[in-house]
file run_17.pdb (PDB, C-alpha atoms and all ligand atoms)
ATOM      1  CA  MET A   1     -36.918  -4.819  -8.532
ATOM      2  CA  SER A   2     -35.708  -1.347  -9.311
ATOM      3  CA  GLY A   3     -35.280  -1.848 -13.039
ATOM      4  CA  SER A   4     -32.280  -3.454 -14.647
ATOM      5  CA  ARG A   5     -29.323  -1.348 -15.626
ATOM      6  CA  PRO A   6     -27.998  -1.494 -19.145
ATOM      7  CA  PRO A   7     -24.964  -3.737 -19.300
ATOM      8  CA  VAL A   8     -21.672  -1.890 -18.923
ATOM      9  CA  GLN A   9     -19.775  -1.943 -22.160
ATOM     10  CA  GLU A  10     -16.358  -3.063 -21.083
ATOM     11  CA  SER A  11     -13.873  -4.613 -23.410
ATOM     12  CA  PRO A  12     -11.540  -7.160 -21.894
ATOM     13  CA  GLY A  13      -8.442  -5.475 -20.623
ATOM     14  CA  ASP A  14     -10.215  -2.259 -19.766
ATOM     15  CA  ARG A  15      -9.045  -1.138 -16.377
ATOM     16  CA  PRO A  16      -9.963   1.833 -14.224
ATOM     17  CA  THR A  17      -6.313   2.846 -14.434
ATOM     18  CA  THR A  18      -6.518   3.284 -18.203
ATOM     19  CA  ILE A  19      -6.498   6.875 -19.450
ATOM     20  CA  ASP A  20      -7.502   8.034 -22.903
ATOM     21  CA  VAL A  21      -4.935  10.593 -24.038
ATOM     22  CA  SER A  22      -6.385  11.295 -27.490
ATOM     23  CA  ARG A  23      -7.597  14.696 -26.227
ATOM     24  CA  LEU A  24      -3.975  15.806 -25.901
ATOM     25  CA  HIS A  25      -3.551  15.459 -29.703
ATOM     26  CA  ARG A  26       0.150  14.707 -29.223
ATOM     27  CA  GLN A  27       0.669  18.397 -28.734
ATOM     28  CA  PRO A  28       3.616  18.978 -26.431
ATOM     29  CA  GLY A  29       2.544  21.110 -23.518
ATOM     30  CA  SER A  30      -1.117  20.131 -23.527
ATOM     31  CA  LEU A  31      -2.253  18.882 -20.183
ATOM     32  CA  LEU A  32      -5.054  16.969 -18.459
ATOM     33  CA  ASP A  33      -5.678  17.181 -14.751
ATOM     34  CA  LEU A  34      -7.559  14.109 -13.622
ATOM     35  CA  SER A  35      -9.022  12.956 -10.320
ATOM     36  CA  PHE A  36     -10.632   9.574 -10.112
ATOM     37  CA  GLU A  37     -11.367   6.780  -7.687
ATOM     38  CA  PHE A  38     -11.445   3.024  -8.168
ATOM     39  CA  PRO A  39     -11.258  -0.156  -6.068
ATOM     40  CA  ALA A  40      -7.789  -1.399  -5.234
ATOM     41  CA  PRO A  41      -6.519  -4.410  -7.158
ATOM     42  CA  GLY A  42      -5.474  -7.409  -5.117
ATOM     43  CA  GLU A  43      -1.720  -7.348  -5.516
ATOM     44  CA  LEU A  44      -0.713  -4.345  -3.423
ATOM     45  CA  HIS A  45       1.064  -5.920  -0.488
ATOM     46  CA  VAL A  46       4.335  -6.687   1.230
ATOM     47  CA  ALA A  47       4.878  -9.145   4.090
ATOM     48  CA  MET A  48       3.300  -7.163   6.939
ATOM     49  CA  ALA A  49       1.355  -4.398   5.166
ATOM     50  CA  ARG A  50      -1.231  -4.272   2.429
ATOM     51  CA  VAL A  51      -3.758  -2.128   0.603
ATOM     52  CA  PRO A  52      -6.959  -4.171   1.055
ATOM     53  CA  GLU A  53      -8.407  -5.378  -2.230
ATOM     54  CA  GLY A  54     -11.451  -3.300  -3.136
ATOM     55  CA  SER A  55     -10.599  -0.404  -0.815
ATOM     56  CA  PRO A  56     -10.884   2.959  -2.570
ATOM     57  CA  ILE A  57      -7.804   4.378  -4.260
ATOM     58  CA  GLU A  58      -8.028   8.068  -5.055
ATOM     59  CA  MET A  59      -5.771   9.329  -7.789
ATOM     60  CA  ASP A  60      -4.894  12.900  -8.642
ATOM     61  CA  VAL A  61      -2.665  13.078 -11.655
ATOM     62  CA  SER A  62      -1.632  15.491 -14.304
ATOM     63  CA  VAL A  63      -1.170  13.906 -17.708
ATOM     64  CA  GLU A  64       1.081  15.952 -19.932
ATOM     65  CA  SER A  65       1.957  15.572 -23.566
ATOM     66  CA  VAL A  66       5.694  15.897 -24.109
ATOM     67  CA  VAL A  67       7.753  15.403 -27.263
ATOM     68  CA  GLU A  68       8.618  11.746 -26.656
ATOM     69  CA  GLY A  69       5.350  10.663 -25.119
ATOM     70  CA  ILE A  70       3.119  11.226 -22.113
ATOM     71  CA  TRP A  71       4.405  12.268 -18.712
ATOM     72  CA  VAL A  72       2.241  11.427 -15.713
ATOM     73  CA  SER A  73       2.806  12.834 -12.261
ATOM     74  CA  GLY A  74       0.598  12.959  -9.231
ATOM     75  CA  THR A  75      -0.454  11.016  -6.188
ATOM     76  CA  ALA A  76      -2.537   8.062  -5.118
ATOM     77  CA  ASP A  77      -4.229   8.007  -1.706
ATOM     78  CA  VAL A  78      -4.388   4.461  -0.411
ATOM     79  CA  ASP A  79      -5.669   2.786   2.765
ATOM     80  CA  VAL A  80      -3.099   0.544   4.418
ATOM     81  CA  GLU A  81      -3.635  -2.317   6.860
ATOM     82  CA  ALA A  82      -0.601  -3.705   8.637
ATOM     83  CA  GLU A  83       0.670  -5.556  11.667
ATOM     84  CA  CYS A  84       3.117  -3.845  13.995
ATOM     85  CA  SER A  85       6.405  -5.676  13.538
ATOM     86  CA  ARG A  86       7.159  -5.472  17.256
ATOM     87  CA  CYS A  87       3.842  -6.165  19.037
ATOM     88  CA  LEU A  88       1.780  -7.589  16.133
ATOM     89  CA  ASP A  89      -1.145  -5.257  16.885
ATOM     90  CA  SER A  90      -3.059  -4.353  13.755
ATOM     91  CA  VAL A  91      -2.624  -0.798  12.509
ATOM     92  CA  GLU A  92      -4.392   1.127   9.779
ATOM     93  CA  TRP A  93      -3.623   4.380   8.095
ATOM     94  CA  THR A  94      -4.039   6.282   4.843
ATOM     95  CA  GLN A  95      -0.998   7.337   2.896
ATOM     96  CA  MET A  96      -0.271   9.405  -0.151
ATOM     97  CA  VAL A  97       1.940   7.703  -2.720
ATOM     98  CA  PRO A  98       3.689   9.844  -5.338
ATOM     99  CA  ILE A  99       3.423   8.543  -8.899
ATOM    100  CA  GLU A 100       5.699   9.630 -11.719
ATOM    101  CA  GLN A 101       5.835   7.795 -14.990
ATOM    102  CA  MET A 102       6.878   8.399 -18.562
ATOM    103  CA  PHE A 103       4.969   6.612 -21.336
ATOM    104  CA  ARG A 104       6.774   6.853 -24.618
ATOM    105  CA  TYR A 105       5.248   6.767 -28.067
ATOM    106  CA  PRO A 106       6.062   3.609 -29.957
ATOM    107  CA  ALA A 107       8.819   4.173 -32.475
ATOM    108  CA  THR A 108       7.613   4.508 -36.047
ATOM    109  CA  ASP A 109       9.417   4.718 -39.347
ATOM    110  CA  ALA A 110       9.020   7.523 -41.890
ATOM    111  CA  ARG A 111       5.739   6.056 -43.161
ATOM    112  CA  GLY A 112       4.298   5.738 -39.683
ATOM    113  CA  ALA A 113       4.703   1.979 -39.399
ATOM    114  CA  LEU A 114       5.646   0.605 -36.001
ATOM    115  CA  ILE A 115       9.263  -0.374 -35.580
ATOM    116  CA  GLU A 116       9.995  -3.395 -33.455
ATOM    117  CA  GLU A 117      12.658  -2.232 -31.073
ATOM    118  CA  PRO A 118      14.819  -4.572 -29.126
ATOM    119  CA  GLN A 119      14.289  -4.119 -25.401
ATOM    120  CA  ASP A 120      17.872  -3.446 -24.440
ATOM    121  CA  ASP A 121      17.358  -1.459 -21.281
ATOM    122  CA  ASP A 122      16.422  -3.110 -18.025
ATOM    123  CA  GLU A 123      14.309  -0.108 -17.120
ATOM    124  CA  GLU A 124      11.316  -0.664 -19.330
ATOM    125  CA  THR A 125       9.383   2.447 -20.193
ATOM    126  CA  PRO A 126       5.738   1.648 -20.861
ATOM    127  CA  GLU A 127       4.302   2.796 -24.143
ATOM    128  CA  VAL A 128       1.334   4.798 -25.234
ATOM    129  CA  VAL A 129      -0.902   2.144 -26.837
ATOM    130  CA  VAL A 130      -3.480   3.429 -29.313
ATOM    131  CA  ASP A 131      -3.863   6.753 -27.495
ATOM    132  CA  THR A 132      -4.223   5.144 -24.091
ATOM    133  CA  ILE A 133      -1.902   4.737 -21.145
ATOM    134  CA  ASP A 134      -2.374   2.308 -18.274
ATOM    135  CA  LEU A 135      -1.308   3.433 -14.825
ATOM    136  CA  HIS A 136      -1.800  -0.025 -13.335
ATOM    137  CA  GLY A 137       1.863  -1.063 -13.400
ATOM    138  CA  PRO A 138       3.336   2.272 -12.249
ATOM    139  CA  LEU A 139       0.716   2.488  -9.486
ATOM    140  CA  ARG A 140       1.433  -1.061  -8.299
ATOM    141  CA  ASP A 141       5.197  -0.484  -8.259
ATOM    142  CA  ALA A 142       4.912   2.849  -6.439
ATOM    143  CA  VAL A 143       2.473   1.535  -3.826
ATOM    144  CA  VAL A 144       4.400  -1.667  -3.100
ATOM    145  CA  LEU A 145       7.643   0.318  -2.755
ATOM    146  CA  SER A 146       5.961   2.727  -0.349
ATOM    147  CA  LEU A 147       4.697   0.030   2.031
ATOM    148  CA  PRO A 148       6.834  -0.390   5.142
ATOM    149  CA  LEU A 149       8.699  -3.680   5.534
ATOM    150  CA  ALA A 150       8.651  -3.314   9.321
ATOM    151  CA  PRO A 151       5.476  -1.394  10.240
ATOM    152  CA  LEU A 152       5.135   0.031  13.741
ATOM    153  CA  CYS A 153       1.988   0.879  15.700
ATOM    154  CA  SER A 154       3.909   3.797  17.171
ATOM    155  CA  PRO A 155       7.552   4.856  16.812
ATOM    156  CA  ASP A 156       8.330   3.875  20.401
ATOM    157  CA  CYS A 157       6.435   0.597  20.515
ATOM    158  CA  GLN A 158       8.165  -1.564  23.112
ATOM    159  CA  GLY A 159       6.949  -4.760  21.574
ATOM    160  CA  ILE A 160       6.196  -7.938  23.413
ATOM    161  CA  CYS A 161       7.617  -8.904  26.804
ATOM    162  CA  PRO A 162       9.927 -11.903  26.389
ATOM    163  CA  THR A 163       8.900 -13.242  29.812
ATOM    164  CA  CYS A 164       5.114 -13.213  29.652
ATOM    165  CA  GLY A 165       4.371 -12.620  25.977
ATOM    166  CA  GLU A 166       2.167  -9.643  26.825
ATOM    167  CA  ARG A 167       2.529  -6.298  25.179
ATOM    168  CA  VAL A 168       4.898  -3.968  27.010
ATOM    169  CA  GLU A 169       2.957  -0.744  27.445
ATOM    170  CA  VAL A 170       4.549   2.468  26.328
ATOM    171  CA  ASP A 171       3.189   4.635  29.090
ATOM    172  CA  GLY A 172       1.827   3.741  32.482
ATOM    173  CA  ALA A 173       3.482   1.460  34.958
ATOM    174  CA  PRO A 174       6.781  -0.085  33.984
ATOM    175  CA  HIS A 175       6.333  -3.660  32.922
ATOM    176  CA  ASP A 176       8.192  -5.702  35.536
ATOM    177  CA  HIS A 177       8.151  -9.237  36.667
ATOM    178  CA  PRO A 178       8.988 -10.311  40.182
ATOM    179  CA  VAL A 179      11.773 -12.796  39.981
ATOM    180  CA  SER A 180       9.984 -16.072  40.314
ATOM    181  CA  ASP A 181      12.040 -17.534  43.120
ATOM    182  CA  PRO A 182       9.958 -19.874  45.267
ATOM    183  CA  ARG A 183      11.748 -18.721  48.421
ATOM    184  CA  TRP A 184      10.246 -15.274  47.970
ATOM    185  CA  SER A 185       6.752 -16.219  46.942
ATOM    186  CA  ALA A 186       5.411 -16.572  50.493
ATOM    187  CA  LEU A 187       6.696 -13.112  51.387
ATOM    188  CA  GLU A 188       5.222 -11.717  48.191
ATOM    189  CA  GLN A 189       1.824 -13.073  49.077
ATOM    190  CA  LEU A 190       2.042 -11.510  52.510
ATOM    191  CA  LEU A 191       2.885  -8.170  50.955
ATOM    192  CA  THR A 192       0.085  -8.292  48.415
ATOM    193  CA  GLY A 193      -2.367  -9.515  51.020
ATOM    194  CA  SER A 194      -3.438 -12.622  49.203
ATOM    195  CA  PRO A 195      -3.388 -15.789  51.232
ATOM    196  CA  PRO A 196      -0.739 -18.350  50.452
ATOM    197  CA  GLN A 197      -2.059 -21.014  48.178
ATOM    198  CA  MET A 198      -1.924 -24.295  49.989
ATOM    199  CA  PRO A 199      -1.996 -27.529  48.058
ATOM    200  CA  GLU A 200      -5.513 -28.879  48.192
ATOM    201  CA  GLU A 201      -6.069 -31.741  50.558
ATOM    202  CA  ARG A 202      -7.775 -34.807  49.313
TER     203      ARG A 202
HETATM  204 ZN    ZN A 301       3.449  -2.149  18.313
HETATM  205 ZN    ZN A 302       5.807  -9.373  30.797
END

call {"tool": "encode", "arguments": {"input": "run_17.pdb", "output": "structure tokens"}}
result
Amino acid sequence: MSGSRPPVQESPGDRPTTIDVSRLHRQPGSLLDLSFEFPAPGELHVAMARVPEGSPIEMDVSVESVVEGIWVSGTADVDVEAECSRCLDSVEWTQMVPIEQMFRYPATDARGALIEEPQDDDEETPEVVVDTIDLHGPLRDAVVLSLPLAPLCSPDCQGICPTCGERVEVDGAPHDHPVSDPRWSALEQLLTGSPPQMPEER
């Protein structure tokens, strides 16, 4: 036993993507540059590509106070696992996903009370909630949009041979099949030096 750690004080709903913006004091122009890393949530995927749950996501963002709210811009580096859509080989890479998101301050009346606003626009702008913003949704949307719907192991992947189901190699010998005509098979065997296969006698 190496001594027990004190329990982590984490209120429900706390996420690693949550940023405290109280230090910006709602002063337009004030800025935070943040770099942080956290394990990927489990919902970053499309049909043939995914960011594995728990893999490290590295975020570099600048968090800027503007008049209407908080403007976030930066990047997330994510690991991607995918299957090539032509040959089904697995492929892995790391990609940089740009993130840009406005968080607006909730509308208040003259006395500072929150005004319930009807959500009329289909493009919902997330709000600054008690001096915090949560990048979870913007990150998820940006990552999912950046994942390829038809990943390729290489741009010139030739895919799978329709005749034998093997992968057609990109370089090396051309992938050919002798026409399987029984009249030629004896000659083929002579040419390749292998003895003709006789039916086994019983
Ligand atoms: Zn491929
Ligand atoms: Zn083939």

call {"tool": "residues_around", "arguments": {"input": "run_17.pdb", "residues": "Val66 of chain A", "least_positions_apart": "6", "cutoff": "10 Å", "atoms": "only C-alpha atoms", "output": "PyMOL selection string"}}
result
chain A and resi 24+26-31+102-105

call {"tool": "resolve_selection", "arguments": {"input": "run_17.pdb", "expression": "the PyMOL selection byres (((not hetatm)) within 12 of (chain A and resi 302))", "output": "number ranges by chain"}}
result
A: 158-169, 173-179

call {"tool": "residues_near_ligand", "arguments": {"input": "run_17.pdb", "ligand": "ligand ZN 301 (chain A)", "cutoff": "7 Å", "atoms": "all atoms listed in the file", "output": "list of chain:residue names"}}
result
A:Cys84, A:Ser85, A:Arg86, A:Cys87, A:Leu88, A:Asp89, A:Leu152, A:Cys153, A:Ser154, A:Cys157, A:Gln158, A:Gly159

call {"tool": "resolve_selection", "arguments": {"input": "run_17.pdb", "expression": "the PyMOL selection byres (((chain A and resi 144-147) around 7) and not hetatm)", "output": "short mmCIF file (atom, residue, chain, number, x, y, z; two decimals) with C-alpha atoms, in the frame of the given file"}}
result
data_model
loop_
_atom_site.label_atom_id
_atom_site.label_comp_id
_atom_site.auth_asym_id
_atom_site.auth_seq_id
_atom_site.Cartn_x
_atom_site.Cartn_y
_atom_site.Cartn_z
CA LEU A 44 -0.71 -4.34 -3.42
CA HIS A 45 1.06 -5.92 -0.49
CA VAL A 46 4.34 -6.69 1.23
CA ALA A 49 1.36 -4.40 5.17
CA VAL A 97 1.94 7.70 -2.72
CA ARG A 140 1.43 -1.06 -8.30
CA ASP A 141 5.20 -0.48 -8.26
CA ALA A 142 4.91 2.85 -6.44
CA VAL A 143 2.47 1.54 -3.83
CA PRO A 148 6.83 -0.39 5.14
CA LEU A 149 8.70 -3.68 5.53
#

call {"tool": "resolve_selection", "arguments": {"input": "run_17.pdb", "expression": "the PyMOL selection byres (((chain A and resi 21) around 6) and not hetatm)", "output": "number ranges by chain"}}
result
A: 20, 22-24, 131-132

call {"tool": "closest_residue", "arguments": {"input": "run_17.pdb", "among": "A:Ile115, A:Leu32, A:Ala40, A:Met96", "to": "Pro56 of chain A", "atoms": "all atoms listed in the file"}}
result
A:Ala40

call {"tool": "atom_distance", "arguments": {"input": "run_17.pdb", "atom1": "atom CA of Val80 of chain A", "atom2": "atom CA of Thr17 of chain A"}}
result
19.3 Å

call {"tool": "atom_distance", "arguments": {"input": "run_17.pdb", "atom1": "atom CA of Ile70 of chain A", "atom2": "atom CA of Arg111 of chain A"}}
result
21.8 Å
